[in-house]
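Undergrad: File follows, start.cif with mmCIF, N, CA and C atoms:
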```cif
data_upload
loop_
_atom_site.label_atom_id
_atom_site.label_comp_id
_atom_site.auth_asym_id
_atom_site.auth_seq_id
_atom_site.Cartn_x
_atom_site.Cartn_y
_atom_site.Cartn_z
N GLU A 687 0.85 -1.17 0.00
CA GLU A 687 0.00 0.00 0.00
C GLU A 687 0.90 1.23 0.00
N TYR A 688 0.52 2.25 -0.76
CA TYR A 688 1.33 3.45 -0.78
C TYR A 688 0.48 4.66 -1.14
N ARG A 689 1.01 5.83 -0.81
CA ARG A 689 0.40 7.07 -1.27
C ARG A 689 1.51 8.07 -1.57
N THR A 690 1.25 8.92 -2.53
CA THR A 690 2.21 9.93 -2.94
C THR A 690 2.13 11.13 -2.01
N LEU A 691 3.27 11.51 -1.45
CA LEU A 691 3.32 12.68 -0.56
C LEU A 691 3.70 13.94 -1.32
N GLY A 692 4.47 13.79 -2.39
CA GLY A 692 4.90 14.94 -3.16
C GLY A 692 5.67 14.51 -4.39
N VAL A 693 5.94 15.50 -5.24
CA VAL A 693 6.64 15.22 -6.49
C VAL A 693 7.75 16.25 -6.68
N PHE A 694 8.91 15.79 -7.13
CA PHE A 694 10.04 16.64 -7.48
C PHE A 694 10.50 16.22 -8.87
N GLU A 695 10.40 17.13 -9.83
CA GLU A 695 10.73 16.83 -11.23
C GLU A 695 10.00 15.56 -11.66
N ASN A 696 10.72 14.51 -12.04
CA ASN A 696 10.09 13.25 -12.45
C ASN A 696 10.11 12.20 -11.35
N TYR A 697 10.30 12.62 -10.11
CA TYR A 697 10.44 11.70 -8.99
C TYR A 697 9.32 11.92 -7.98
N SER A 698 8.90 10.85 -7.32
CA SER A 698 7.83 10.94 -6.33
C SER A 698 8.32 10.51 -4.96
N LEU A 699 7.84 11.20 -3.95
CA LEU A 699 8.08 10.81 -2.56
C LEU A 699 6.85 10.02 -2.11
N LEU A 700 7.07 8.79 -1.70
CA LEU A 700 5.96 7.91 -1.34
C LEU A 700 6.01 7.52 0.13
N LEU A 701 4.84 7.35 0.71
CA LEU A 701 4.70 6.74 2.02
C LEU A 701 4.19 5.33 1.75
N VAL A 702 4.99 4.34 2.10
CA VAL A 702 4.70 2.95 1.74
C VAL A 702 4.44 2.13 2.99
N LYS A 703 3.41 1.30 2.93
CA LYS A 703 3.09 0.39 4.03
C LYS A 703 3.16 -1.03 3.50
N PRO A 704 4.24 -1.74 3.80
CA PRO A 704 4.36 -3.12 3.31
C PRO A 704 3.22 -3.99 3.84
N VAL A 705 2.74 -4.86 3.00
CA VAL A 705 1.64 -5.74 3.38
C VAL A 705 2.18 -7.01 4.04
N GLN A 706 3.28 -7.50 3.58
CA GLN A 706 3.85 -8.74 4.13
C GLN A 706 5.20 -8.57 4.77
N GLY A 707 6.09 -8.05 4.60
CA GLY A 707 7.37 -8.02 5.27
C GLY A 707 8.39 -8.92 4.60
N ARG A 708 8.16 -9.24 3.36
CA ARG A 708 9.10 -10.09 2.65
C ARG A 708 10.37 -9.30 2.32
N LYS A 709 11.46 -10.01 2.21
CA LYS A 709 12.75 -9.37 1.95
C LYS A 709 12.73 -8.56 0.66
N HIS A 710 13.16 -7.32 0.72
CA HIS A 710 13.25 -6.40 -0.41
C HIS A 710 11.90 -6.09 -1.06
N GLN A 711 10.80 -6.28 -0.33
CA GLN A 711 9.46 -6.12 -0.90
C GLN A 711 9.26 -4.76 -1.56
N ILE A 712 9.59 -3.69 -0.87
CA ILE A 712 9.39 -2.35 -1.42
C ILE A 712 10.25 -2.16 -2.66
N ARG A 713 11.52 -2.51 -2.55
CA ARG A 713 12.46 -2.31 -3.65
C ARG A 713 12.06 -3.10 -4.89
N LYS A 714 11.68 -4.36 -4.71
CA LYS A 714 11.32 -5.21 -5.85
C LYS A 714 10.00 -4.77 -6.49
N HIS A 715 9.02 -4.46 -5.68
CA HIS A 715 7.72 -4.08 -6.24
C HIS A 715 7.80 -2.77 -7.04
N PHE A 716 8.54 -1.80 -6.52
CA PHE A 716 8.62 -0.54 -7.24
C PHE A 716 9.51 -0.64 -8.48
N LYS A 717 10.50 -1.51 -8.46
CA LYS A 717 11.27 -1.75 -9.68
C LYS A 717 10.36 -2.39 -10.74
N TYR A 718 9.52 -3.31 -10.30
CA TYR A 718 8.62 -4.02 -11.21
C TYR A 718 7.70 -3.05 -11.96
N VAL A 719 7.28 -1.97 -11.29
CA VAL A 719 6.40 -0.99 -11.95
C VAL A 719 7.20 0.20 -12.49
N CYS A 720 8.51 0.00 -12.66
CA CYS A 720 9.42 1.00 -13.25
C CYS A 720 9.54 2.28 -12.43
N HIS A 721 9.49 2.15 -11.11
CA HIS A 721 9.69 3.29 -10.20
C HIS A 721 10.63 2.87 -9.06
N PRO A 722 11.90 2.59 -9.39
CA PRO A 722 12.82 2.10 -8.36
C PRO A 722 13.19 3.17 -7.34
N VAL A 723 13.67 2.71 -6.21
CA VAL A 723 14.11 3.58 -5.12
C VAL A 723 15.42 4.25 -5.53
N ILE A 724 15.52 5.55 -5.30
CA ILE A 724 16.75 6.29 -5.58
C ILE A 724 17.87 5.72 -4.71
N GLY A 725 19.02 5.50 -5.32
CA GLY A 725 20.19 5.00 -4.61
C GLY A 725 20.28 3.49 -4.53
N ASP A 726 19.27 2.78 -5.00
CA ASP A 726 19.28 1.32 -4.96
C ASP A 726 20.15 0.82 -6.10
N THR A 727 21.33 0.31 -5.77
CA THR A 727 22.27 -0.14 -6.80
C THR A 727 21.92 -1.53 -7.34
N THR A 728 21.05 -2.25 -6.65
CA THR A 728 20.65 -3.58 -7.12
C THR A 728 19.43 -3.50 -8.03
N TYR A 729 18.38 -2.82 -7.60
CA TYR A 729 17.13 -2.77 -8.34
C TYR A 729 16.88 -1.41 -8.99
N GLY A 730 17.74 -0.44 -8.76
CA GLY A 730 17.52 0.92 -9.23
C GLY A 730 18.07 1.19 -10.61
N LYS A 731 18.04 2.47 -10.98
CA LYS A 731 18.56 2.92 -12.27
C LYS A 731 19.80 3.77 -12.03
N GLY A 732 20.90 3.38 -12.64
CA GLY A 732 22.17 4.09 -12.47
C GLY A 732 22.08 5.56 -12.84
N ARG A 733 21.34 5.86 -13.91
CA ARG A 733 21.20 7.25 -14.36
C ARG A 733 20.57 8.12 -13.27
N ASP A 734 19.51 7.62 -12.63
CA ASP A 734 18.84 8.38 -11.57
C ASP A 734 19.71 8.46 -10.32
N ASN A 735 20.37 7.37 -9.98
CA ASN A 735 21.26 7.37 -8.82
C ASN A 735 22.38 8.38 -9.00
N ASN A 736 22.98 8.41 -10.19
CA ASN A 736 24.05 9.37 -10.48
C ASN A 736 23.56 10.81 -10.40
N TYR A 737 22.34 11.04 -10.87
CA TYR A 737 21.76 12.39 -10.82
C TYR A 737 21.69 12.88 -9.36
N PHE A 738 21.23 12.03 -8.45
CA PHE A 738 21.11 12.43 -7.05
C PHE A 738 22.47 12.52 -6.37
N ARG A 739 23.43 11.70 -6.80
CA ARG A 739 24.79 11.81 -6.26
C ARG A 739 25.41 13.14 -6.67
N ASN A 740 25.31 13.47 -7.95
CA ASN A 740 25.95 14.67 -8.48
C ASN A 740 25.24 15.95 -8.08
N ARG A 741 23.93 15.96 -8.12
CA ARG A 741 23.21 17.20 -7.82
C ARG A 741 23.07 17.48 -6.33
N PHE A 742 22.86 16.42 -5.52
CA PHE A 742 22.57 16.61 -4.09
C PHE A 742 23.62 16.00 -3.17
N ASN A 743 24.67 15.40 -3.74
CA ASN A 743 25.69 14.73 -2.94
C ASN A 743 25.05 13.66 -2.04
N PHE A 744 24.07 12.96 -2.59
CA PHE A 744 23.34 11.93 -1.85
C PHE A 744 23.81 10.57 -2.34
N HIS A 745 24.46 9.80 -1.44
CA HIS A 745 25.18 8.59 -1.84
C HIS A 745 24.64 7.31 -1.23
N ARG A 746 23.37 7.26 -0.92
CA ARG A 746 22.82 6.02 -0.35
C ARG A 746 21.39 5.84 -0.82
N MET A 747 20.77 4.76 -0.36
CA MET A 747 19.40 4.50 -0.76
C MET A 747 18.45 5.46 -0.04
N ALA A 748 17.53 6.04 -0.79
CA ALA A 748 16.56 6.98 -0.22
C ALA A 748 15.36 6.20 0.30
N LEU A 749 15.62 5.38 1.30
CA LEU A 749 14.61 4.52 1.88
C LEU A 749 14.77 4.61 3.40
N HIS A 750 13.66 4.84 4.09
CA HIS A 750 13.73 5.02 5.54
C HIS A 750 12.47 4.45 6.19
N CYS A 751 12.64 3.72 7.28
CA CYS A 751 11.51 3.22 8.05
C CYS A 751 11.07 4.34 8.99
N LEU A 752 9.96 4.97 8.68
CA LEU A 752 9.46 6.10 9.44
C LEU A 752 8.78 5.66 10.73
N SER A 753 8.09 4.53 10.68
CA SER A 753 7.44 4.05 11.91
C SER A 753 7.31 2.53 11.88
N LEU A 754 7.18 2.00 13.08
CA LEU A 754 7.00 0.57 13.26
C LEU A 754 5.99 0.41 14.38
N ALA A 755 4.96 -0.39 14.17
CA ALA A 755 3.93 -0.59 15.19
C ALA A 755 3.75 -2.09 15.43
N PHE A 756 3.54 -2.43 16.68
CA PHE A 756 3.33 -3.83 17.05
C PHE A 756 2.60 -3.89 18.39
N GLU A 757 2.06 -5.06 18.71
CA GLU A 757 1.43 -5.26 20.01
C GLU A 757 2.48 -5.75 20.99
N HIS A 758 2.47 -5.18 22.18
CA HIS A 758 3.39 -5.64 23.23
C HIS A 758 3.05 -7.10 23.53
N PRO A 759 4.05 -7.98 23.60
CA PRO A 759 3.78 -9.41 23.74
C PRO A 759 3.11 -9.80 25.07
N PHE A 760 3.24 -8.99 26.10
CA PHE A 760 2.65 -9.35 27.39
C PHE A 760 1.39 -8.56 27.70
N THR A 761 1.39 -7.27 27.41
CA THR A 761 0.25 -6.43 27.78
C THR A 761 -0.77 -6.29 26.65
N GLY A 762 -0.36 -6.55 25.42
CA GLY A 762 -1.26 -6.38 24.28
C GLY A 762 -1.39 -4.93 23.85
N GLU A 763 -0.70 -4.02 24.56
CA GLU A 763 -0.74 -2.60 24.22
C GLU A 763 -0.09 -2.37 22.86
N LYS A 764 -0.69 -1.47 22.07
CA LYS A 764 -0.10 -1.15 20.77
C LYS A 764 1.07 -0.20 21.00
N ILE A 765 2.22 -0.58 20.49
CA ILE A 765 3.44 0.22 20.60
C ILE A 765 3.75 0.76 19.20
N THR A 766 3.94 2.06 19.09
CA THR A 766 4.33 2.67 17.83
C THR A 766 5.61 3.46 18.04
N VAL A 767 6.59 3.17 17.24
CA VAL A 767 7.88 3.87 17.31
C VAL A 767 8.01 4.69 16.03
N VAL A 768 8.26 5.99 16.17
CA VAL A 768 8.44 6.87 15.03
C VAL A 768 9.90 7.30 14.98
N ALA A 769 10.53 7.14 13.84
CA ALA A 769 11.94 7.52 13.66
C ALA A 769 12.02 8.58 12.57
N ARG A 770 12.33 9.78 12.95
CA ARG A 770 12.45 10.86 11.96
C ARG A 770 13.60 10.55 11.00
N PRO A 771 13.51 11.05 9.78
CA PRO A 771 14.58 10.79 8.80
C PRO A 771 15.93 11.34 9.29
N PRO A 772 17.02 10.65 8.97
CA PRO A 772 18.35 11.14 9.33
C PRO A 772 18.67 12.43 8.58
N GLU A 773 19.71 13.11 9.03
CA GLU A 773 20.06 14.43 8.49
C GLU A 773 20.25 14.45 6.98
N ASP A 774 20.95 13.45 6.43
CA ASP A 774 21.21 13.47 4.98
C ASP A 774 19.92 13.32 4.16
N LEU A 775 19.02 12.49 4.62
CA LEU A 775 17.75 12.31 3.92
C LEU A 775 16.85 13.54 4.12
N ASP A 776 16.88 14.09 5.31
CA ASP A 776 16.12 15.31 5.61
C ASP A 776 16.61 16.46 4.73
N ALA A 777 17.92 16.56 4.54
CA ALA A 777 18.49 17.60 3.68
C ALA A 777 18.05 17.40 2.23
N LEU A 778 17.99 16.15 1.78
CA LEU A 778 17.53 15.86 0.43
C LEU A 778 16.08 16.30 0.26
N PHE A 779 15.22 15.97 1.23
CA PHE A 779 13.82 16.38 1.15
C PHE A 779 13.70 17.90 1.08
N SER A 780 14.49 18.59 1.87
CA SER A 780 14.46 20.06 1.86
C SER A 780 14.90 20.60 0.50
N ALA A 781 15.98 20.06 -0.03
CA ALA A 781 16.51 20.53 -1.32
C ALA A 781 15.52 20.28 -2.46
N CYS A 782 14.70 19.26 -2.32
CA CYS A 782 13.71 18.94 -3.36
C CYS A 782 12.36 19.60 -3.11
N GLY A 783 12.26 20.38 -2.04
CA GLY A 783 11.00 21.05 -1.73
C GLY A 783 9.93 20.12 -1.17
N LEU A 784 10.35 19.02 -0.57
CA LEU A 784 9.42 18.02 -0.06
C LEU A 784 9.38 17.95 1.47
N LYS A 785 10.08 18.84 2.14
CA LYS A 785 10.18 18.82 3.59
C LYS A 785 8.80 18.93 4.26
N ASP A 786 7.95 19.83 3.79
CA ASP A 786 6.63 20.01 4.40
C ASP A 786 5.79 18.73 4.30
N ALA A 787 5.91 18.03 3.18
CA ALA A 787 5.17 16.78 3.01
C ALA A 787 5.64 15.72 3.99
N VAL A 788 6.93 15.68 4.26
CA VAL A 788 7.48 14.72 5.22
C VAL A 788 7.03 15.08 6.63
N VAL A 789 7.09 16.35 6.97
CA VAL A 789 6.65 16.79 8.31
C VAL A 789 5.18 16.44 8.53
N ALA A 790 4.34 16.66 7.53
CA ALA A 790 2.92 16.35 7.64
C ALA A 790 2.72 14.83 7.82
N ALA A 791 3.48 14.03 7.12
CA ALA A 791 3.38 12.58 7.25
C ALA A 791 3.78 12.13 8.65
N ILE A 792 4.84 12.73 9.19
CA ILE A 792 5.29 12.38 10.54
C ILE A 792 4.23 12.78 11.56
N GLU A 793 3.68 13.97 11.42
CA GLU A 793 2.65 14.43 12.34
C GLU A 793 1.42 13.52 12.29
N GLY A 794 1.14 12.97 11.13
CA GLY A 794 0.01 12.05 11.01
C GLY A 794 0.25 10.72 11.71
N LEU A 795 1.50 10.39 11.98
CA LEU A 795 1.85 9.14 12.65
C LEU A 795 1.91 9.29 14.16
N GLU A 796 2.25 10.48 14.62
CA GLU A 796 2.46 10.69 16.06
C GLU A 796 1.16 10.93 16.78
#
```
Could you spell out this file's structure in structure tokens?
TA:
Amino acid sequence: EYRTLGVFENYSLLLVKPVQGRKHQIRKHFKYVCHPVIGDTTYGKGRDNNYFRNRFNFHRMALHCLSLAFEHPFTGEKITVVARPPEDLDALFSACGLKDAVVAAIEGLE
């Protein structure tokens, strides 16, 4: 499941909710529909990865686990952990004009 949070040039910022948790699920599914993750050297596109390296000095995969939710094994209480994007990814969002979309997504989780 996914929704588009914003668009920069020909690239989209997505909020993705994996349905199963299978290995590389997000990366494989988006490659299959010709929308690979930026920085993914296995399933991505070298041309796009190079563009983000050269223009934004961004040298890793643009993939981040924003939140994780589970039931506590003893109390049954729902536990939600929210992890804000690291500085390099946050800087990329700002440079692409997508920072407000990320902030809104985080606020929707907290």
Undergrad: Have a look at atom CA of Leu699 of chain A and atom CA of Val768 of chain A and let me know their distance in Å, one decimal.
TA: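 Atom-to-atom, atom CA of Leu699 of chain A and atom CA of Val768 of chain A are spaced 18.0 Å apart.
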Undergrad: Take atom N of Val719 of chain A and atom N of Ala791 of chain A and report the distance between them in Å, one decimal.
TA: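 Spanning atom N of Val719 of chain A to atom N of Ala791 of chain A is a straight-line distance of 24.7 Å.
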Undergrad: Which value, in Å to one decimal, gives the distance between atom CA of Ser698 of chain A and atom CA of Val788 of chain A?
TA: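 Atom CA of Val788 of chain A lies at a distance of 12.2 Å from atom CA of Ser698 of chain A.
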Undergrad: For the file shown, report as a list of chain:residue names the outcome of the PyMOL selection byres (((chain A and resi 771 and name CA) around 9) and name CA) at residue level.
TA: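 Residues picked by the PyMOL selection byres (((chain A and resi 771 and name CA) around 9) and name CA): A:His750, A:Cys751, A:Leu752, A:Ala769, A:Arg770, A:Pro772, A:Glu773, A:Asp774, A:Leu775, A:Asp776, A:Val788.
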Undergrad: From the options A:Lys709, A:Leu778, A:Gly692, A:Val702, which residue's atoms come nearest to Phe744 of chain A, counting all atoms listed in the file?
TA: A:Leu778
Undergrad: Report the residues of chain A whose backbone DSSP state falls under strand (DSSP E or B), written as a PyMOL selection string.
TA: chain A and resi 688-694+697-702+753-757+764-768
Undergrad: Restricting it to N, CA and C atoms, dump the selection as a PDB file, keeping the file's coordinate frame.
TA:
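Everything below was put into result36.pdb:
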```
ATOM      1  N   TYR A 688       0.520   2.250  -0.760  1.00  0.00           N
ATOM      2  CA  TYR A 688       1.330   3.450  -0.780  1.00  0.00           C
ATOM      3  C   TYR A 688       0.480   4.660  -1.140  1.00  0.00           C
ATOM      4  N   ARG A 689       1.010   5.830  -0.810  1.00  0.00           N
ATOM      5  CA  ARG A 689       0.400   7.070  -1.270  1.00  0.00           C
ATOM      6  C   ARG A 689       1.510   8.070  -1.570  1.00  0.00           C
ATOM      7  N   THR A 690       1.250   8.920  -2.530  1.00  0.00           N
ATOM      8  CA  THR A 690       2.210   9.930  -2.940  1.00  0.00           C
ATOM      9  C   THR A 690       2.130  11.130  -2.010  1.00  0.00           C
ATOM     10  N   LEU A 691       3.270  11.510  -1.450  1.00  0.00           N
ATOM     11  CA  LEU A 691       3.320  12.680  -0.560  1.00  0.00           C
ATOM     12  C   LEU A 691       3.700  13.940  -1.320  1.00  0.00           C
ATOM     13  N   GLY A 692       4.470  13.790  -2.390  1.00  0.00           N
ATOM     14  CA  GLY A 692       4.900  14.940  -3.160  1.00  0.00           C
ATOM     15  C   GLY A 692       5.670  14.510  -4.390  1.00  0.00           C
ATOM     16  N   VAL A 693       5.940  15.500  -5.240  1.00  0.00           N
ATOM     17  CA  VAL A 693       6.640  15.220  -6.490  1.00  0.00           C
ATOM     18  C   VAL A 693       7.750  16.250  -6.680  1.00  0.00           C
ATOM     19  N   PHE A 694       8.910  15.790  -7.130  1.00  0.00           N
ATOM     20  CA  PHE A 694      10.040  16.640  -7.480  1.00  0.00           C
ATOM     21  C   PHE A 694      10.500  16.220  -8.870  1.00  0.00           C
ATOM     22  N   TYR A 697      10.300  12.620 -10.110  1.00  0.00           N
ATOM     23  CA  TYR A 697      10.440  11.700  -8.990  1.00  0.00           C
ATOM     24  C   TYR A 697       9.320  11.920  -7.980  1.00  0.00           C
ATOM     25  N   SER A 698       8.900  10.850  -7.320  1.00  0.00           N
ATOM     26  CA  SER A 698       7.830  10.940  -6.330  1.00  0.00           C
ATOM     27  C   SER A 698       8.320  10.510  -4.960  1.00  0.00           C
ATOM     28  N   LEU A 699       7.840  11.200  -3.950  1.00  0.00           N
ATOM     29  CA  LEU A 699       8.080  10.810  -2.560  1.00  0.00           C
ATOM     30  C   LEU A 699       6.850  10.020  -2.110  1.00  0.00           C
ATOM     31  N   LEU A 700       7.070   8.790  -1.700  1.00  0.00           N
ATOM     32  CA  LEU A 700       5.960   7.910  -1.340  1.00  0.00           C
ATOM     33  C   LEU A 700       6.010   7.520   0.130  1.00  0.00           C
ATOM     34  N   LEU A 701       4.840   7.350   0.710  1.00  0.00           N
ATOM     35  CA  LEU A 701       4.700   6.740   2.020  1.00  0.00           C
ATOM     36  C   LEU A 701       4.190   5.330   1.750  1.00  0.00           C
ATOM     37  N   VAL A 702       4.990   4.340   2.100  1.00  0.00           N
ATOM     38  CA  VAL A 702       4.700   2.950   1.740  1.00  0.00           C
ATOM     39  C   VAL A 702       4.440   2.130   2.990  1.00  0.00           C
ATOM     40  N   SER A 753       8.090   4.530  10.680  1.00  0.00           N
ATOM     41  CA  SER A 753       7.440   4.050  11.910  1.00  0.00           C
ATOM     42  C   SER A 753       7.310   2.530  11.880  1.00  0.00           C
ATOM     43  N   LEU A 754       7.180   2.000  13.080  1.00  0.00           N
ATOM     44  CA  LEU A 754       7.000   0.570  13.260  1.00  0.00           C
ATOM     45  C   LEU A 754       5.990   0.410  14.380  1.00  0.00           C
ATOM     46  N   ALA A 755       4.960  -0.390  14.170  1.00  0.00           N
ATOM     47  CA  ALA A 755       3.930  -0.590  15.190  1.00  0.00           C
ATOM     48  C   ALA A 755       3.750  -2.090  15.430  1.00  0.00           C
ATOM     49  N   PHE A 756       3.540  -2.430  16.680  1.00  0.00           N
ATOM     50  CA  PHE A 756       3.330  -3.830  17.050  1.00  0.00           C
ATOM     51  C   PHE A 756       2.600  -3.890  18.390  1.00  0.00           C
ATOM     52  N   GLU A 757       2.060  -5.060  18.710  1.00  0.00           N
ATOM     53  CA  GLU A 757       1.430  -5.260  20.010  1.00  0.00           C
ATOM     54  C   GLU A 757       2.480  -5.750  20.990  1.00  0.00           C
ATOM     55  N   LYS A 764      -0.690  -1.470  22.070  1.00  0.00           N
ATOM     56  CA  LYS A 764      -0.100  -1.150  20.770  1.00  0.00           C
ATOM     57  C   LYS A 764       1.070  -0.200  21.000  1.00  0.00           C
ATOM     58  N   ILE A 765       2.220  -0.580  20.490  1.00  0.00           N
ATOM     59  CA  ILE A 765       3.440   0.220  20.600  1.00  0.00           C
ATOM     60  C   ILE A 765       3.750   0.760  19.200  1.00  0.00           C
ATOM     61  N   THR A 766       3.940   2.060  19.090  1.00  0.00           N
ATOM     62  CA  THR A 766       4.330   2.670  17.830  1.00  0.00           C
ATOM     63  C   THR A 766       5.610   3.460  18.040  1.00  0.00           C
ATOM     64  N   VAL A 767       6.590   3.170  17.240  1.00  0.00           N
ATOM     65  CA  VAL A 767       7.880   3.870  17.310  1.00  0.00           C
ATOM     66  C   VAL A 767       8.010   4.690  16.030  1.00  0.00           C
ATOM     67  N   VAL A 768       8.260   5.990  16.170  1.00  0.00           N
ATOM     68  CA  VAL A 768       8.440   6.870  15.030  1.00  0.00           C
ATOM     69  C   VAL A 768       9.900   7.300  14.980  1.00  0.00           C
TER      70      VAL A 768
END
```
Undergrad: Once the PyMOL selection byres ((chain A and resi 713) around 8) has been applied to the shown file, what residues remain in the selection, as a list of chain:residue names?
TA: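 With the shown file as input, the PyMOL selection byres ((chain A and resi 713) around 8) matches A:Lys709, A:His710, A:Gln711, A:Ile712, A:Lys714, A:His715, A:Phe716, A:Lys717, A:Tyr718, A:His721, A:Pro722, A:Val723, A:Asp726, A:Tyr729, A:Gly730.
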Undergrad: Would you mind putting back N, CA, C and O atoms on segment 708-724 of chain A, then writing it out as a compact mmCIF listing (two decimals), keeping the file's coordinate frame?
TA:
```
# COMPACT_ATOMS: atom_id res chain seq x y z
N ARG A 708 8.16 -9.24 3.36
CA ARG A 708 9.10 -10.09 2.65
C ARG A 708 10.37 -9.30 2.32
O ARG A 708 10.33 -8.09 2.13
N LYS A 709 11.46 -10.01 2.21
CA LYS A 709 12.75 -9.37 1.95
C LYS A 709 12.73 -8.56 0.66
O LYS A 709 12.31 -9.06 -0.39
N HIS A 710 13.16 -7.32 0.72
CA HIS A 710 13.25 -6.40 -0.41
C HIS A 710 11.90 -6.09 -1.06
O HIS A 710 11.83 -5.70 -2.21
N GLN A 711 10.80 -6.28 -0.33
CA GLN A 711 9.46 -6.12 -0.90
C GLN A 711 9.26 -4.76 -1.56
O GLN A 711 8.83 -4.68 -2.71
N ILE A 712 9.59 -3.69 -0.87
CA ILE A 712 9.39 -2.35 -1.42
C ILE A 712 10.25 -2.16 -2.66
O ILE A 712 9.79 -1.71 -3.71
N ARG A 713 11.52 -2.51 -2.55
CA ARG A 713 12.46 -2.31 -3.65
C ARG A 713 12.06 -3.10 -4.89
O ARG A 713 12.06 -2.59 -6.01
N LYS A 714 11.68 -4.36 -4.71
CA LYS A 714 11.32 -5.21 -5.85
C LYS A 714 10.00 -4.77 -6.49
O LYS A 714 9.89 -4.73 -7.72
N HIS A 715 9.02 -4.46 -5.68
CA HIS A 715 7.72 -4.08 -6.24
C HIS A 715 7.80 -2.77 -7.04
O HIS A 715 7.22 -2.66 -8.11
N PHE A 716 8.54 -1.80 -6.52
CA PHE A 716 8.62 -0.54 -7.24
C PHE A 716 9.51 -0.64 -8.48
O PHE A 716 9.28 0.05 -9.46
N LYS A 717 10.50 -1.51 -8.46
CA LYS A 717 11.27 -1.75 -9.68
C LYS A 717 10.36 -2.39 -10.74
O LYS A 717 10.40 -2.03 -11.91
N TYR A 718 9.52 -3.31 -10.30
CA TYR A 718 8.62 -4.02 -11.21
C TYR A 718 7.70 -3.05 -11.96
O TYR A 718 7.37 -3.28 -13.11
N VAL A 719 7.28 -1.97 -11.29
CA VAL A 719 6.40 -0.99 -11.95
C VAL A 719 7.20 0.20 -12.49
O VAL A 719 6.65 1.27 -12.73
N CYS A 720 8.51 0.00 -12.66
CA CYS A 720 9.42 1.00 -13.25
C CYS A 720 9.54 2.28 -12.43
O CYS A 720 9.66 3.38 -12.99
N HIS A 721 9.49 2.15 -11.11
CA HIS A 721 9.69 3.29 -10.20
C HIS A 721 10.63 2.87 -9.06
O HIS A 721 10.21 2.79 -7.91
N PRO A 722 11.90 2.59 -9.39
CA PRO A 722 12.82 2.10 -8.36
C PRO A 722 13.19 3.17 -7.34
O PRO A 722 13.04 4.36 -7.57
N VAL A 723 13.67 2.71 -6.21
CA VAL A 723 14.11 3.58 -5.12
C VAL A 723 15.42 4.25 -5.53
O VAL A 723 16.34 3.59 -6.02
N ILE A 724 15.52 5.55 -5.30
CA ILE A 724 16.75 6.29 -5.58
C ILE A 724 17.87 5.72 -4.71
O ILE A 724 17.71 5.49 -3.52
```
